[in-house]
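*Asks:* Sharing a structure below in structure tokens format, with a few things to ask.
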Amino acid sequence: MPPRSVPPPRVGLFATCLMNLFRPNIGFATVKLLEEAGCTVEVPAAQTCCGQPGYNSGDFDAARALAKQLIKVFEGFDYVVGPSGSCMATIRLDYPKLFENDADWLPRAEALAAKSWELLSFLAEVRGVTTVSASYAGTATYHDSCSGLRSLGIKQQPRLLLGAVNGLALTEMRDAEVCCGFGGTFCVKYPEISGRMVDEKIANIDATGADTLLGGDLGCLLNMAGRLKRQGSTVKVFHAAEVLAGMATGEGIGGAPK
Amino acid sequence: MPESRKAILGQIRSALRRGPLADACAAALDARLPTHTRIAFTDDPLARFIARFESRSGTVVRVASLLEVPAAVETYRQQHGLPARAAIARPLADLPWPADFAHHPGPAGKDEVLSVTACLAAIAEMGSLMLASGPDSPTTLNFVPDHHLIVLHEAQIVRDFEQAWALLRARPEGLPRATNIVSGPSRTGDIELTIQLGAHGPRSVHVILVR
Amino acid sequence: MKISSPQFKEKSVIALADPRLRQALGQSRKGFVNKRAELVGELPEFERLRDEARDLKNHVLDNLDHYLERYEAAVTAAGGHVHWARDAEEARCIILNICQRVNAKTITKGKTMVSEEIGLNEALEAGGYTVVETDLGEYIIQLAHEPPSHIIAPAIHKTKEQVSELFEAAHGGPRKSSVADLVTEARLVLRDKYFQADVGITGGNFLVAETGSSIIVTNEGNGDLTQTLAKVHIVTSGIERIVPTLEDVALFLRILARSATGQETETYTTLSTGPRRPDDVDGPEEYHVVLVDNGRSKMLGGKFQDMLRCIRCGACMNHCPVYGAIGGHAYGWVYPGPMGAVLTPLFVGLDATYDLPNACTLNGRCESVCPVRIPLPQLLRELRHMQHQQGIRPQGEQRALGAWRFVAERPSLYQFANRLAARVLGRLGGSKGRIASLPFARAWTDSRDMPAPEGKTFLEQWQAR
């Protein structure tokens, strides 16, 4: 970690729609981790959605409108960090594409993109975090969410960080890198195909014998937890941030509230 | 039909937002000498050729001289229980074949079971043989019979595709009608992905490697 | 070929319920995916080769007119004929005219996707010709009157037993059951056809401008028997398959088989250059190349130009989890999987193909294995954009997205709506923390529980600190 005489970076936390609504615990875990890594964290109240649903549905105008809004809210920070590879990939990679023909907004989009980070890669690569003080008694397997993996290169970072959690054993599932079938609106537009994809993912999870499923994207985790619970599985599902912050107590996503 | 040609070229140019290339540009393209990455390997080309060819169910036997080829063919023929007749490419016809061995220079007929051909080169990179069609090397000898025997001299083994292309370009008569690069016997996986040899081409390709 | 892409949803549901298809697709995944990964792992040059292949294809596309003219000149110098076809109908006419002129009766075919694209077999059969597919997979689906379900392994969806039945019905004779016996039977039956054929039609994996050669790559050798034994050899190929020189060919030969089937190389790579020479003793007397445009030149210079780099290896569909669940027939046309989801709307039109760009999670595994680095997810997104601009997207979805945008553009309204949802859904989740049934979210809750919110949103809790 950098020496304390350097002013701590000001991080704007991007909550993401799903975390904000479904699992605030991830947000608090994120703040804790960022503060432990020497950052000051602010959560702008005026934030909403990154625009990905519009972008992926072909409504580029809607995506641009929301992108401009987000850029305005966050561009004053040293970094923007969010607990989602999917949303942060939209900001990092798609915002510049959306404004490639806009001389005014392109530089702003590029500037924001350059300082936007998914949480786990931010901790590992920018803050150089290698140890955490958390414990977790259990065996976990990690699902590599597609955007984080392929758009942002997130693969080793979560594993390195989780490897430092006291008591946690990590085991790799077969086809960890294969899509779980969430895909935003895909899972409700093509539920049968999505159902097959999540069932294959769950079979791979079960084959590891792990009692815990971890990942870095709440959309995927909601999808897999939803199916696991429907099947009566006892596997607990958490976002990696919750485990790393020592806040993975209780039954996890889709389980009884604390 | 000339309208189609004109229309397609016109459509291409309008999509690329330009007219036909200026002469200088065209000449530059014609003079282009690509150098792409090649696959690096340190194995001896001969050893590599044999290993890669055999990994695809090809077989190789080594002999000391061309004169030993008929015996190698006879051994193969008896091993596989084949009748004493074959299509043999013209350049090999004058070797000391057994008196009772019936052969003709091709083309291969529907019931041809065995052929013996020469080749232009072997390519060590992937373990392949390059054969050029011609009156001395009818293409049907490479594909119709169940068993295809190829006489290869060690000196014909080149390292990679690029060296093989040089041989093709060096031919005064230009490229042959068919340049076959053969890397093993015919195979298919089209039924339940189960690999089966001898789909349509030869079931067995056997190289007689002459020092 | 009849387009059944509008029935994508129904066909995908039927495919999901087919246990034999599931088994076949699972097997093929293991084969193609694992073998490719092994070979790629052993080849340190592979990523660089992909870059070079992409750059070379881009170079060709930027100069496509030049290379096509050079290619035509070289084919003509070698004694062959080049025909230009703007669309499927012209291509069919050209081929029918050749067959008529030479009084053909039997036509053998090597595997060529372009010929399916232009609906060639139906036209030839309607013209009274006997057409025989010689690639074993294509032969099987020809007997079954089905379209291919994969561009490399067209009969991948068929079990041994199904093939056995087809052969018994078509060939007569005792029914074979082992793969070896079935292949031998096909070999014998097709051998006769090769020798009977008047015209042999093959594809062209690559067309070499330098030499005027067409290249086919096969494991079976069927394309070679097709072209060598017939009196006339016709090549059907898209205009984008040109490569400038033999050195460029070598580049592709180093990545094609590895990407397609996880083999270092296919068994036979053949360069065909013109008809038989005066002193040849075998080979076709005539050599024709039909260059097919059929929508390709329209893709140049636009957002979809990258798709023209495709070398039809099939790696994208081998690695696509959606294709891996439903197989190829649900896509409804010639080209399935990710590359089919891009090409079919472009060739056939957006109206009949709504589902193809949308039945995708944009997970990107296809792009990660494409040997010529086609940005398939981005192209699919662009197709969704075109659908949006043309008003093809469903009304319900447009209204929902409109509402979402309205709310998301107004932070206070957004916070309010989310707080409300958090309360309501949190209450519905109760002590279990999940909801088993939500009337407006049946598509989710029919097969999954919905994890319940905590009762308050994150932003709400944060502001209350």
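Chain labels follow the order of the structure tokens: the first chain is A, the next B, and so on; residue numbering restarts at 1 in every chain, and ligands are counted from 1 in their shown order.
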If you run DSSP on the backbone here, which positions in range 46-137 of chain B get helix (DSSP H, G or I)? Please write them as a PyMOL selection string.

*Replies:* chain B and resi 46-55+66-79+90-92

*Asks:* Define the interface residues of chain B facing chain C as those within 7 Å, counting only C-alpha atoms, and report them as a PyMOL selection string.

*Replies:* chain B and resi 1+4-5+8-9+11-12+15-16+34+36-37+39+107+134-135+138-140+143+161-162+165+175-188+190-193+196+199-201

*Asks:* Considering only C-alpha atoms, return as a list in words whatever protein or nucleic-acid residues lie within 12 Å of Arg92 in chain A, sequence-local ones (same chain, fewer than 5 positions apart) excluded.

*Replies:*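 Surrounding residues, per the criterion: Cys50, Gln52, Ala67, Ile71, Tyr79, Val80, Val81, Gly82, Ser84, Gly85, Ser86, Cys87, Lys97, Leu98, Arg108, Ala109, Glu110, Ala111, Leu112, Ala113, Ala114, Lys115, Ser116, Trp117, Glu118, Ser147, Gly148, Ser151 and Leu152 of chain A.
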
*Asks:* From a DSSP pass on the backbone, collect the residues of range 285-357 of chain C flagged as strand (DSSP E) and hand them back as a list in words.

*Replies:*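 Assigned to strand (DSSP E), within range 285-357 of chain C: Glu286, Tyr287, His288, Val289, Val290, Leu291 and Val292 of chain C.
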
*Asks:* What would the file look like if the residues just selected were written as a PDB file, in the first residue's frame with all heavy atoms?

*Replies:*
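Contents of again-v2.pdb, as written:
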ATOM      1  N   GLU C 286     -12.882 -29.146 -67.729  1.00  0.00           N
ATOM      2  CA  GLU C 286     -13.244 -27.728 -67.577  1.00  0.00           C
ATOM      3  C   GLU C 286     -13.177 -27.359 -66.097  1.00  0.00           C
ATOM      4  O   GLU C 286     -13.500 -28.177 -65.219  1.00  0.00           O
ATOM      5  CB  GLU C 286     -14.680 -27.477 -68.054  1.00  0.00           C
ATOM      6  CG  GLU C 286     -14.879 -27.633 -69.550  1.00  0.00           C
ATOM      7  CD  GLU C 286     -16.323 -27.316 -69.944  1.00  0.00           C
ATOM      8  OE1 GLU C 286     -16.971 -26.478 -69.281  1.00  0.00           O
ATOM      9  OE2 GLU C 286     -16.788 -27.925 -70.927  1.00  0.00           O
ATOM     10  N   TYR C 287     -12.783 -26.101 -65.849  1.00  0.00           N
ATOM     11  CA  TYR C 287     -12.684 -25.617 -64.476  1.00  0.00           C
ATOM     12  C   TYR C 287     -13.374 -24.265 -64.421  1.00  0.00           C
ATOM     13  O   TYR C 287     -13.009 -23.335 -65.159  1.00  0.00           O
ATOM     14  CB  TYR C 287     -11.212 -25.499 -64.082  1.00  0.00           C
ATOM     15  CG  TYR C 287     -10.931 -24.880 -62.719  1.00  0.00           C
ATOM     16  CD1 TYR C 287     -11.057 -25.620 -61.546  1.00  0.00           C
ATOM     17  CD2 TYR C 287     -10.501 -23.558 -62.630  1.00  0.00           C
ATOM     18  CE1 TYR C 287     -10.773 -25.059 -60.305  1.00  0.00           C
ATOM     19  CE2 TYR C 287     -10.221 -22.986 -61.384  1.00  0.00           C
ATOM     20  CZ  TYR C 287     -10.358 -23.749 -60.231  1.00  0.00           C
ATOM     21  OH  TYR C 287     -10.075 -23.180 -59.007  1.00  0.00           O
ATOM     22  N   HIS C 288     -14.411 -24.179 -63.576  1.00  0.00           N
ATOM     23  CA  HIS C 288     -15.177 -22.942 -63.465  1.00  0.00           C
ATOM     24  C   HIS C 288     -15.211 -22.491 -62.014  1.00  0.00           C
ATOM     25  O   HIS C 288     -15.372 -23.315 -61.109  1.00  0.00           O
ATOM     26  CB  HIS C 288     -16.628 -23.170 -63.906  1.00  0.00           C
ATOM     27  CG  HIS C 288     -16.761 -23.587 -65.327  1.00  0.00           C
ATOM     28  ND1 HIS C 288     -17.012 -22.692 -66.348  1.00  0.00           N
ATOM     29  CD2 HIS C 288     -16.678 -24.817 -65.908  1.00  0.00           C
ATOM     30  CE1 HIS C 288     -17.091 -23.352 -67.490  1.00  0.00           C
ATOM     31  NE2 HIS C 288     -16.883 -24.641 -67.266  1.00  0.00           N
ATOM     32  N   VAL C 289     -15.091 -21.180 -61.801  1.00  0.00           N
ATOM     33  CA  VAL C 289     -15.258 -20.621 -60.464  1.00  0.00           C
ATOM     34  C   VAL C 289     -16.440 -19.664 -60.506  1.00  0.00           C
ATOM     35  O   VAL C 289     -16.475 -18.760 -61.353  1.00  0.00           O
ATOM     36  CB  VAL C 289     -14.002 -19.857 -59.999  1.00  0.00           C
ATOM     37  CG1 VAL C 289     -14.225 -19.273 -58.610  1.00  0.00           C
ATOM     38  CG2 VAL C 289     -12.782 -20.769 -60.007  1.00  0.00           C
ATOM     39  N   VAL C 290     -17.402 -19.882 -59.637  1.00  0.00           N
ATOM     40  CA  VAL C 290     -18.541 -18.967 -59.543  1.00  0.00           C
ATOM     41  C   VAL C 290     -18.330 -18.108 -58.298  1.00  0.00           C
ATOM     42  O   VAL C 290     -18.385 -18.606 -57.169  1.00  0.00           O
ATOM     43  CB  VAL C 290     -19.868 -19.740 -59.438  1.00  0.00           C
ATOM     44  CG1 VAL C 290     -21.036 -18.762 -59.383  1.00  0.00           C
ATOM     45  CG2 VAL C 290     -20.022 -20.690 -60.627  1.00  0.00           C
ATOM     46  N   LEU C 291     -18.028 -16.832 -58.530  1.00  0.00           N
ATOM     47  CA  LEU C 291     -17.813 -15.897 -57.424  1.00  0.00           C
ATOM     48  C   LEU C 291     -19.165 -15.332 -57.007  1.00  0.00           C
ATOM     49  O   LEU C 291     -19.855 -14.708 -57.815  1.00  0.00           O
ATOM     50  CB  LEU C 291     -16.902 -14.745 -57.869  1.00  0.00           C
ATOM     51  CG  LEU C 291     -15.450 -15.120 -58.170  1.00  0.00           C
ATOM     52  CD1 LEU C 291     -14.719 -13.917 -58.785  1.00  0.00           C
ATOM     53  CD2 LEU C 291     -14.734 -15.569 -56.905  1.00  0.00           C
ATOM     54  N   VAL C 292     -19.536 -15.568 -55.759  1.00  0.00           N
ATOM     55  CA  VAL C 292     -20.875 -15.197 -55.298  1.00  0.00           C
ATOM     56  C   VAL C 292     -20.806 -13.972 -54.399  1.00  0.00           C
ATOM     57  O   VAL C 292     -20.083 -13.958 -53.395  1.00  0.00           O
ATOM     58  CB  VAL C 292     -21.504 -16.378 -54.526  1.00  0.00           C
ATOM     59  CG1 VAL C 292     -22.876 -16.005 -53.995  1.00  0.00           C
ATOM     60  CG2 VAL C 292     -21.594 -17.611 -55.429  1.00  0.00           C
TER      61      VAL C 292
END

*Asks:* Which chain A residues are at most 6 Å from chain C (counting only C-alpha atoms), as a list in words?

*Replies:* Asn20, Leu21, Phe22, Pro24, Ala46, Thr48, Gly58, Cys146, Gly183, Val188, Gly226, Arg227, Arg230, Gly254, Gly255, Ala256 and Pro257 of chain A

*Asks:* Grab the CA of Ala403 in chain C to CA of Cys187 in chain A distance for me, in Å with one decimal place.

*Replies:*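 Value for the CA of Ala403 in chain C-CA of Cys187 in chain A distance: 19.9 Å.
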
*Asks:* Determine, counting only C-alpha atoms, which protein, DNA and RNA residues have an atom within 10 Å of an atom of Thr212 in chain A; residues of the same chain fewer than 4 positions away are not included. Present the result as a PyMOL selection string.

*Replies:* chain A and resi 137-142+168-170+205+234-238+252

*Asks:* I need the chosen residues saved as a compact mmCIF listing (two decimals), in the first residue's frame, with C-alpha atoms.

*Replies:*
# COMPACT_ATOMS: atom_id res chain seq x y z
CA ALA A 137 -15.12 -21.17 7.30
CA GLY A 138 -16.04 -23.08 4.20
CA THR A 139 -15.16 -24.29 0.73
CA ALA A 140 -16.05 -21.97 -2.10
CA THR A 141 -16.02 -22.15 -5.85
CA TYR A 142 -15.77 -19.00 -7.98
CA LEU A 168 -11.55 -20.29 3.19
CA ALA A 169 -10.73 -23.14 0.83
CA LEU A 170 -11.13 -22.43 -2.88
CA ILE A 205 -20.93 -26.27 -8.84
CA THR A 234 -27.88 -25.68 0.70
CA VAL A 235 -25.09 -23.94 -1.19
CA LYS A 236 -24.68 -20.38 0.09
CA VAL A 237 -24.15 -17.62 -2.43
CA PHE A 238 -22.21 -14.43 -1.69
CA GLY A 252 -26.34 -15.30 1.70

*Asks:* Which value, in Å to one decimal, gives the distance between CA of Ala86 in chain B and CA of Ala102 in chain B?

*Replies:*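 Interatomic distance here is 6.5 Å.
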
*Asks:* Just the residues within 8 Å of Thr112 in chain C, please, counting only C-alpha atoms, with nothing from its chain fewer than 3 positions along; format it as a ChimeraX atom specification.

*Replies:* /C:109,115-116,202-204,236-237

*Asks:* Restrict the selected residues to C-alpha atoms and save them as an mmCIF file, in the first residue's frame.

*Replies:*
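Result file follows (out-v5.cif):
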data_model
loop_
_atom_site.group_PDB
_atom_site.id
_atom_site.type_symbol
_atom_site.label_atom_id
_atom_site.label_comp_id
_atom_site.auth_asym_id
_atom_site.auth_seq_id
_atom_site.Cartn_x
_atom_site.Cartn_y
_atom_site.Cartn_z
ATOM 1 C CA LYS C 109 -20.681 -32.212 -54.430
ATOM 2 C CA SER C 115 -24.085 -23.763 -52.369
ATOM 3 C CA GLU C 116 -26.586 -24.131 -49.503
ATOM 4 C CA THR C 202 -16.685 -28.005 -54.527
ATOM 5 C CA GLY C 203 -16.306 -24.941 -52.356
ATOM 6 C CA GLY C 204 -13.255 -22.789 -51.868
ATOM 7 C CA THR C 236 -18.625 -21.988 -55.627
ATOM 8 C CA SER C 237 -17.160 -19.399 -53.317
#
